[in-house]
Amino acid sequence: MTSIELRDVQKYFGSLQVIKDMNLKIEDGEFIVLLGQSGCGKTTTLRAIAGLETIDTGDILIDGKPVQDLKCSDRDIAMVFQSFSLYPHMTVFENIAFPLRATRMSKTDTDRRVREIAQVLRITDLLDKRPSALSGGDMQRVAIGRALVRRPKAMLMDEPIGALDAKLREEMRAEIKRLHLKQGSTTIYVTHDQIEAMSLADRIVIMHEGRLQQVGSPTEVYSRPANLFVAQFVGSPVMNVAPVEVESSGGSIHVGVGGASRFEFPATLLAQLDTADVRTNELALGVRPEGVLVSRDEKNGYFPVEAHLIEPLGSYDIVDLRVGDQILRARTRSGYIERAGARVYARIDPSQTHFFDTSSGDSLGIRL
Amino acid sequence: MAAVTTSTERTLNKLAIAGVLIVTLIFLAPIYWIASTAFKPRNLSTTIPPTVVFTPEVSPFVKLFTKRSQLRSPPTPEEYAAAPWWERMVFDGGEKVVRDGKGNVQWSGYPSRFMNSLIVATISTILAVGMGTLTAYGFSRFKVKGEGDLLFFILSTRMLPPVVVAIPMFLMYRTFGLNDTHIGLIILYTAFNLSFSVWLMKGFMDEIPKEYEEAALVDGYTRMQAFFKVVLPEAATGIAATAVFCFITAWNEYAFALIMTNRRAQTAPPFIPSQVGSGLPDWTVIAAGTLLFLLPVAIFTFLLRNHLLRGVTFGAIRK
Ligand SMILES: Nc1ncnc2c1ncn2[C@@H]1O[C@H](COP(=O)(O)OP(=O)(O)OP(=O)(O)O)[C@@H](O)[C@H]1O
Ligand SMILES: [Mg+2]
């Protein structure tokens with residue numbers, strides 16, 4: 001029942017504009033992940049929604065009602081801070097009960113609610129401890145417990161697991177997902193880790209320098225990036241982007257990469273490029289490493305290239321291919337190419353390519 | 001740590017301990033002197049060399065608390081026999097206890113001066129620490145225009161030596177009728193301690209992460225409630241440390257108390273040396289008064305010692 005909407009929100013710190021023309025509508029029960037680099041304004045956005053930061057212009061609506069003039073205590077939103085900020089002078093129990101005490105809930109009800117949530121989070125045996133005696137993962141559970149116990153309209157989480165080590169992070173990720181499915185509260189989750197974003201989000205909101213870049217489901221954002229920033233920010237290893245020339249001769253279309261190599265593309269590319277109306281010297285091609293196909297033997301449609309560098313990553317290898325004066329990174333079965341410097345053959349899978357206008361950075365929306 | 005200690009290390013250790021002991025003894029010597037003098041018979045208090053072995057007696061304390069006058073003639077044996085044990089001690093010193101018409105023993109000035117000290121030091125400490133904490137919180141958490149200048153201004157009130165303003169203060173107090181009043185001294189000590197309290201508390205407040213209060217705000221508390229429920233408990237250490245310093249300053253203050261008060265509101269520091277006894281100074285009485293005067297600060301500091309220790313290491317354990 002809780003939707004959150006941002007309309008034309010602008011926020012300045014002095015002369016520094018931290019949020020630019022933010023428009024976003026979050027539906028009830030949605031799990032939204034705000035993804036972006038450090039300093040892009042994620043925390044500020046979250047704090048503005050919580051009421052800890054005022055906005056300069058625009059509207060923030062919760063359930064359709066503007067809340068800018070509402071104090072944060074009246075917004076009924078819970079927040080998990082990046083540093084957890086558990087109150088050090090209170091026990092875990094007191095910490096979780098703290099938001100309930102603000103509502104003057106009876107002692108028995110408070111007790112029941114705290115124990116309920118502690119059970120869900122599996123921290124019942126920690127209730128009498130002080131936060132300083134907890135491990136990072138437990139602190140995080142307590143912080144989440146404190147946020148959930150009030151059954152708020154919405155949950156805001158600011159990089160809640162950023163401070164944990166990799167293994168624990170993976171565990172907590174699953175736990176947060178489980179909790180969300182169980183509680184179903186509208187959630188905005190901030191992170192700069194795209195894997196976290198992909199695995200948790202119903203929709204990902206990608207921010208860059210205070211501006212929304214793209215809003216969409218994880219698959220959408222991954223397979224149809226709206227611009228160069230999103231294309232290179234989402235996905236690991238990063239997408240190859242290279243300036244290209246498109247030539248047509250005798251009904252077949254060739255795309256030249258790095259001056260020398262010319263890969264064959266379907267003829268429909270030409271028509272789509274025509275409608276896109278982009279200047280030839282501002283055209284760039286993007287392809288993820290899995291879209292660069294590599295063969296050890298000569299094959300039809302494959303170009304000879306040099307395997308310049310091999311990065312073994314366990315389940316697969318990333319091979320840097322020297323294509324003319326460009327480097328294309330390809331993903332291969334691990335150990336497929338045995339040594340750097342070998343001559344191999346490469347092709348670009350047209351169905352996995354993206355075309356961008358480098359002057360605006362926008363995707364041309366070409367699908368082959 | 002490995003338990004391997006070489007013999008040189010052990011010698012060094014012993015030397016260090018010996019050094020610490022010597023320093024401790026040097027520091028304790030005056031306190032011992034006062035404590036022992038407070039229990040000496042009067043004739044042993046000024047011997048040269050000082051008497052170390054003596055039978056302790058409480059007559060200095062009896063004299064401290066009672067109003068006495070010189071005996072013209074020794075008491076009659078009946079009078080002496082009828083007197084309670086403590087009064088005999090006064091007789092032994094060649095004095096007698098002053099009684100009013102109904103025969104009630106008259107107190108000396110000491111108890112009321114001691115109370116004055118307690119009242120003035122306690123109330124001014126509460127005021128200085130309370131206001132200092134609120135001011136520091138404001139400076140620490142909100143954008144205050146000219147914050148740096150204001151803080152410097154607050155500190156600058158401490159830059160003049162107090163004696164310099166003593167005369168103007170005295171004239172002001174006389175105009176406003178604040179001379180020799182508790183209120184007057186309380187205001188003075190509060191003002192004197194406030195700058196110190198603001199600066200010290202600002203340091204402690206800055207150490208408390210903003211996010212604690214923000215969490216409380218989001219959890220449904222007002223800023224006031226967040227301050228009392230979250231900030232204050234977190235600042236307890238700092239408050240304790242500041243309170244001890246303010247209390248000590250107010251408790252020990254001498255110059256202004258001497259100038260601004262003479263009877264009703266006089267505190268112990270100017271009173272004690274004024275009690276040189278009838279006739280020659282009775283050092284045992286002065287020592288007894290001084291010894292009792294040392295106690296409140298010692299007790300107060302002792303009660304808050306855990307907070308004080310944490311206060312010293314505050315920054316270290318937080319991050
Ligand atoms: N109180 C403030 N006063 C001035 N500038 C601020 C303030 N808070 C944040 N900023 C600036 O606003 C920008 C956005 O900050 P914000 O904390 O929202 O970034 P973020 O996306 O959360 O980054 P991170 O991933 O590092 O947490 C940064 O350039 C930051 O320096
Ligand atoms: Mg942040």
# chains A, B, ... in the order shown; residues from 1 in each chain; ligands from 1
>>> interface_residues(of="chain A", to="chain B", cutoff="12 Å", atoms="only C-alpha atoms", output="PDB file with C-alpha atoms, in the first residue's frame")
ATOM      1  CA  LEU A  46      17.729   8.128   0.500  1.00  0.00           C
ATOM      2  CA  ARG A  47      18.139  10.726   3.231  1.00  0.00           C
ATOM      3  CA  ALA A  48      15.835  13.082   1.357  1.00  0.00           C
ATOM      4  CA  ILE A  49      13.147  10.396   1.260  1.00  0.00           C
ATOM      5  CA  ALA A  50      13.652   9.677   4.953  1.00  0.00           C
ATOM      6  CA  GLY A  51      13.427  13.372   5.776  1.00  0.00           C
ATOM      7  CA  LEU A  52      16.965  13.761   7.063  1.00  0.00           C
ATOM      8  CA  GLU A  53      17.794  16.104   4.204  1.00  0.00           C
ATOM      9  CA  LEU A  70       6.749  16.300   7.327  1.00  0.00           C
ATOM     10  CA  LYS A  71       9.399  15.611   9.975  1.00  0.00           C
ATOM     11  CA  CYS A  72      11.126  12.293   9.578  1.00  0.00           C
ATOM     12  CA  SER A  73       9.497  10.958  12.718  1.00  0.00           C
ATOM     13  CA  ASP A  74       6.125  11.460  11.028  1.00  0.00           C
ATOM     14  CA  ARG A  75       6.962   9.775   7.742  1.00  0.00           C
ATOM     15  CA  ASP A  76       6.815   6.234   9.093  1.00  0.00           C
ATOM     16  CA  ILE A  77       9.829   5.121   7.139  1.00  0.00           C
ATOM     17  CA  ALA A  78      12.602   2.954   8.534  1.00  0.00           C
ATOM     18  CA  MET A  79      16.224   3.212   7.553  1.00  0.00           C
ATOM     19  CA  VAL A  80      19.229   0.982   7.915  1.00  0.00           C
ATOM     20  CA  PHE A  81      22.357   3.091   7.974  1.00  0.00           C
ATOM     21  CA  GLN A  82      25.576   2.148   6.287  1.00  0.00           C
ATOM     22  CA  SER A  83      27.316   2.165   9.667  1.00  0.00           C
ATOM     23  CA  PHE A  84      24.388   0.346  11.327  1.00  0.00           C
ATOM     24  CA  SER A  85      24.418   3.011  14.068  1.00  0.00           C
ATOM     25  CA  LEU A  86      23.187   0.728  16.792  1.00  0.00           C
ATOM     26  CA  TYR A  87      22.930   2.615  20.070  1.00  0.00           C
ATOM     27  CA  PRO A  88      26.002   1.506  22.033  1.00  0.00           C
ATOM     28  CA  HIS A  89      24.495   2.148  25.456  1.00  0.00           C
ATOM     29  CA  MET A  90      21.555  -0.169  24.866  1.00  0.00           C
ATOM     30  CA  GLU A  94      16.646  -2.270  23.738  1.00  0.00           C
ATOM     31  CA  ASN A  95      17.938  -1.325  20.320  1.00  0.00           C
ATOM     32  CA  ILE A  96      15.214  -3.249  18.544  1.00  0.00           C
ATOM     33  CA  ALA A  97      12.545  -2.100  20.982  1.00  0.00           C
ATOM     34  CA  PHE A  98      13.580   1.538  20.653  1.00  0.00           C
ATOM     35  CA  PRO A  99      11.311   2.432  17.688  1.00  0.00           C
ATOM     36  CA  LEU A 100       8.380   0.733  19.430  1.00  0.00           C
ATOM     37  CA  ARG A 101       8.921   2.787  22.572  1.00  0.00           C
ATOM     38  CA  ALA A 102       8.386   5.907  20.498  1.00  0.00           C
ATOM     39  CA  THR A 103       4.881   4.673  19.732  1.00  0.00           C
ATOM     40  CA  ARG A 104       4.169   4.049  23.432  1.00  0.00           C
ATOM     41  CA  SER A 132      29.954  -3.766  20.765  1.00  0.00           C
ATOM     42  CA  ALA A 143      20.017  -2.994  12.417  1.00  0.00           C
ATOM     43  CA  ILE A 144      17.557  -4.639  10.060  1.00  0.00           C
ATOM     44  CA  GLY A 145      15.532  -5.881  13.011  1.00  0.00           C
ATOM     45  CA  ARG A 146      15.319  -2.379  14.411  1.00  0.00           C
ATOM     46  CA  ALA A 147      14.085  -1.131  11.044  1.00  0.00           C
ATOM     47  CA  LEU A 148      11.530  -3.886  10.534  1.00  0.00           C
ATOM     48  CA  VAL A 149      10.086  -4.116  14.030  1.00  0.00           C
ATOM     49  CA  ARG A 150       7.840  -1.097  13.604  1.00  0.00           C
ATOM     50  CA  ARG A 151       6.375  -2.495  10.359  1.00  0.00           C
ATOM     51  CA  PRO A 152       7.108   0.765   8.585  1.00  0.00           C
ATOM     52  CA  ALA A 154       8.860   1.603   3.616  1.00  0.00           C
ATOM     53  CA  MET A 155      12.396   0.439   4.288  1.00  0.00           C
ATOM     54  CA  LEU A 156      15.442   2.357   3.204  1.00  0.00           C
ATOM     55  CA  MET A 157      18.782   0.587   3.291  1.00  0.00           C
TER      56      MET A 157
END
>>> residues_near_ligand(ligand="ligand 1", cutoff="6 Å", atoms="only C-alpha atoms and all ligand atoms", output="PyMOL selection string")
chain A and resi 13+18+37-44
>>> write_last_selection(atoms="C-alpha atoms", output="tab-separated table (two decimals), in the first residue's frame")
chain	number	residue	atom	x	y	z
A	13	PHE	CA	24.89	21.39	-1.25
A	18	VAL	CA	23.84	16.48	-5.91
A	37	GLN	CA	29.43	5.01	-8.08
A	38	SER	CA	30.63	6.54	-4.87
A	39	GLY	CA	29.53	10.14	-4.54
A	40	CYS	CA	26.76	10.01	-7.14
A	41	GLY	CA	24.09	11.03	-4.65
A	42	LYS	CA	22.57	7.73	-3.57
A	43	THR	CA	22.76	8.39	0.15
A	44	THR	CA	21.50	11.92	-0.33
>>> residues_around(residues="Cys246 (chain B)", least_positions_apart="4", cutoff="7 Å", atoms="only C-alpha atoms", output="number ranges by chain")
B: 125, 193, 242, 250
>>> closest_residue(among="B:Thr122, B:Gln266, B:Trp283, B:Thr76", to="Thr47 (chain B)", atoms="only C-alpha atoms")
B:Trp283
>>> closest_residue(among="A:Glu245, A:Arg343, A:Pro160, A:Gly235", to="ligand 2", atoms="only C-alpha atoms and all ligand atoms")
A:Pro160
>>> closest_residue(among="B:Ala298, B:His182, B:Tyr189, B:Ser195", to="Arg263 (chain B)", atoms="only C-alpha atoms")
B:His182
>>> atom_distance(atom1="CA of Tyr345 (chain A)", atom2="CA of Lys299 (chain A)")
7.4 Å
>>> closest_residue(among="A:Glu220, A:Asp158, A:Glu116, A:Asp317", to="ligand 2", atoms="only C-alpha atoms and all ligand atoms")
A:Asp158
>>> atom_distance(atom1="CA of Arg169 (chain A)", atom2="CA of Val205 (chain A)")
20.8 Å
>>> atom_distance(atom1="CA of Met105 (chain A)", atom2="CA of Ala236 (chain B)")
27.4 Å
>>> residues_around(residues="Arg367 (chain A)", least_positions_apart="3", cutoff="8 Å", atoms="only C-alpha atoms", output="list in words")
Ser351, Thr353 and His354 of chain A
>>> select_by_dssp(residues="region 115-212 of chain A", states="strand (DSSP E)", output="JSON, numbers by chain")
{"A": [154, 155, 156, 157, 158, 186, 187, 188, 189, 190, 191, 203, 204, 205, 206, 207, 208, 211, 212]}
>>> write_last_selection(atoms="C-alpha atoms", output="PDB file, in the first residue's frame")
ATOM      1  CA  ALA A 154       8.860   1.603   3.616  1.00  0.00           C
ATOM      2  CA  MET A 155      12.396   0.439   4.288  1.00  0.00           C
ATOM      3  CA  LEU A 156      15.442   2.357   3.204  1.00  0.00           C
ATOM      4  CA  MET A 157      18.782   0.587   3.291  1.00  0.00           C
ATOM      5  CA  ASP A 158      22.045   2.395   2.697  1.00  0.00           C
ATOM      6  CA  THR A 186       8.442  -1.324  -0.217  1.00  0.00           C
ATOM      7  CA  THR A 187      12.204  -1.179  -0.112  1.00  0.00           C
ATOM      8  CA  ILE A 188      14.837   1.136  -1.487  1.00  0.00           C
ATOM      9  CA  TYR A 189      18.276  -0.338  -1.260  1.00  0.00           C
ATOM     10  CA  VAL A 190      21.453   1.566  -2.018  1.00  0.00           C
ATOM     11  CA  THR A 191      24.626  -0.069  -3.215  1.00  0.00           C
ATOM     12  CA  ARG A 203      14.046  -2.794 -10.625  1.00  0.00           C
ATOM     13  CA  ILE A 204      17.466  -1.210 -10.668  1.00  0.00           C
ATOM     14  CA  VAL A 205      17.847   2.544 -10.709  1.00  0.00           C
ATOM     15  CA  ILE A 206      21.223   3.577 -12.014  1.00  0.00           C
ATOM     16  CA  MET A 207      22.529   6.980 -10.982  1.00  0.00           C
ATOM     17  CA  HIS A 208      25.499   8.896 -12.203  1.00  0.00           C
ATOM     18  CA  ARG A 211      21.185  11.995 -12.610  1.00  0.00           C
ATOM     19  CA  LEU A 212      19.086   8.919 -13.319  1.00  0.00           C
TER      20      LEU A 212
END
>>> select_by_dssp(residues="region 141-235 of chain B", states="alpha helix (DSSP H)", output="PyMOL selection string")
chain B and resi 141+147-156+162-176+182-207+210-218+223-226+232-235
>>> decode(residues="region 234-270 of chain B", atoms="C-alpha atoms", output="PDB file, in the first residue's frame")
ATOM      1  CA  GLU B 234      26.448   8.677  24.753  1.00  0.00           C
ATOM      2  CA  ALA B 235      27.907  11.881  26.149  1.00  0.00           C
ATOM      3  CA  ALA B 236      27.841  10.644  29.762  1.00  0.00           C
ATOM      4  CA  THR B 237      31.586  10.201  29.786  1.00  0.00           C
ATOM      5  CA  GLY B 238      32.229  13.701  28.576  1.00  0.00           C
ATOM      6  CA  ILE B 239      29.684  15.152  30.941  1.00  0.00           C
ATOM      7  CA  ALA B 240      31.316  13.389  33.890  1.00  0.00           C
ATOM      8  CA  ALA B 241      34.760  14.629  32.954  1.00  0.00           C
ATOM      9  CA  THR B 242      33.545  18.180  32.425  1.00  0.00           C
ATOM     10  CA  ALA B 243      31.584  18.113  35.676  1.00  0.00           C
ATOM     11  CA  VAL B 244      34.626  17.051  37.678  1.00  0.00           C
ATOM     12  CA  PHE B 245      36.741  19.840  36.225  1.00  0.00           C
ATOM     13  CA  CYS B 246      34.049  22.454  36.765  1.00  0.00           C
ATOM     14  CA  PHE B 247      33.387  21.274  40.296  1.00  0.00           C
ATOM     15  CA  ILE B 248      37.054  21.395  41.213  1.00  0.00           C
ATOM     16  CA  THR B 249      37.427  24.897  39.803  1.00  0.00           C
ATOM     17  CA  ALA B 250      34.372  26.196  41.667  1.00  0.00           C
ATOM     18  CA  TRP B 251      35.245  24.335  44.863  1.00  0.00           C
ATOM     19  CA  ASN B 252      38.782  25.656  45.039  1.00  0.00           C
ATOM     20  CA  GLU B 253      38.120  29.201  43.880  1.00  0.00           C
ATOM     21  CA  TYR B 254      39.641  31.638  46.345  1.00  0.00           C
ATOM     22  CA  ALA B 255      40.172  35.135  44.985  1.00  0.00           C
ATOM     23  CA  PHE B 256      36.618  36.013  43.980  1.00  0.00           C
ATOM     24  CA  ALA B 257      35.145  34.306  47.007  1.00  0.00           C
ATOM     25  CA  LEU B 258      37.382  36.459  49.163  1.00  0.00           C
ATOM     26  CA  ILE B 259      36.375  39.676  47.416  1.00  0.00           C
ATOM     27  CA  MET B 260      32.691  39.034  46.802  1.00  0.00           C
ATOM     28  CA  THR B 261      31.626  37.402  50.056  1.00  0.00           C
ATOM     29  CA  ASN B 262      32.227  37.943  53.729  1.00  0.00           C
ATOM     30  CA  ARG B 263      29.542  36.252  55.828  1.00  0.00           C
ATOM     31  CA  ARG B 264      26.288  34.849  54.510  1.00  0.00           C
ATOM     32  CA  ALA B 265      27.585  33.379  51.294  1.00  0.00           C
ATOM     33  CA  GLN B 266      31.222  32.962  52.187  1.00  0.00           C
ATOM     34  CA  THR B 267      32.699  29.696  51.010  1.00  0.00           C
ATOM     35  CA  ALA B 268      35.267  27.588  52.802  1.00  0.00           C
ATOM     36  CA  PRO B 269      38.464  28.656  50.980  1.00  0.00           C
ATOM     37  CA  PRO B 270      38.517  32.259  52.255  1.00  0.00           C
TER      38      PRO B 270
END
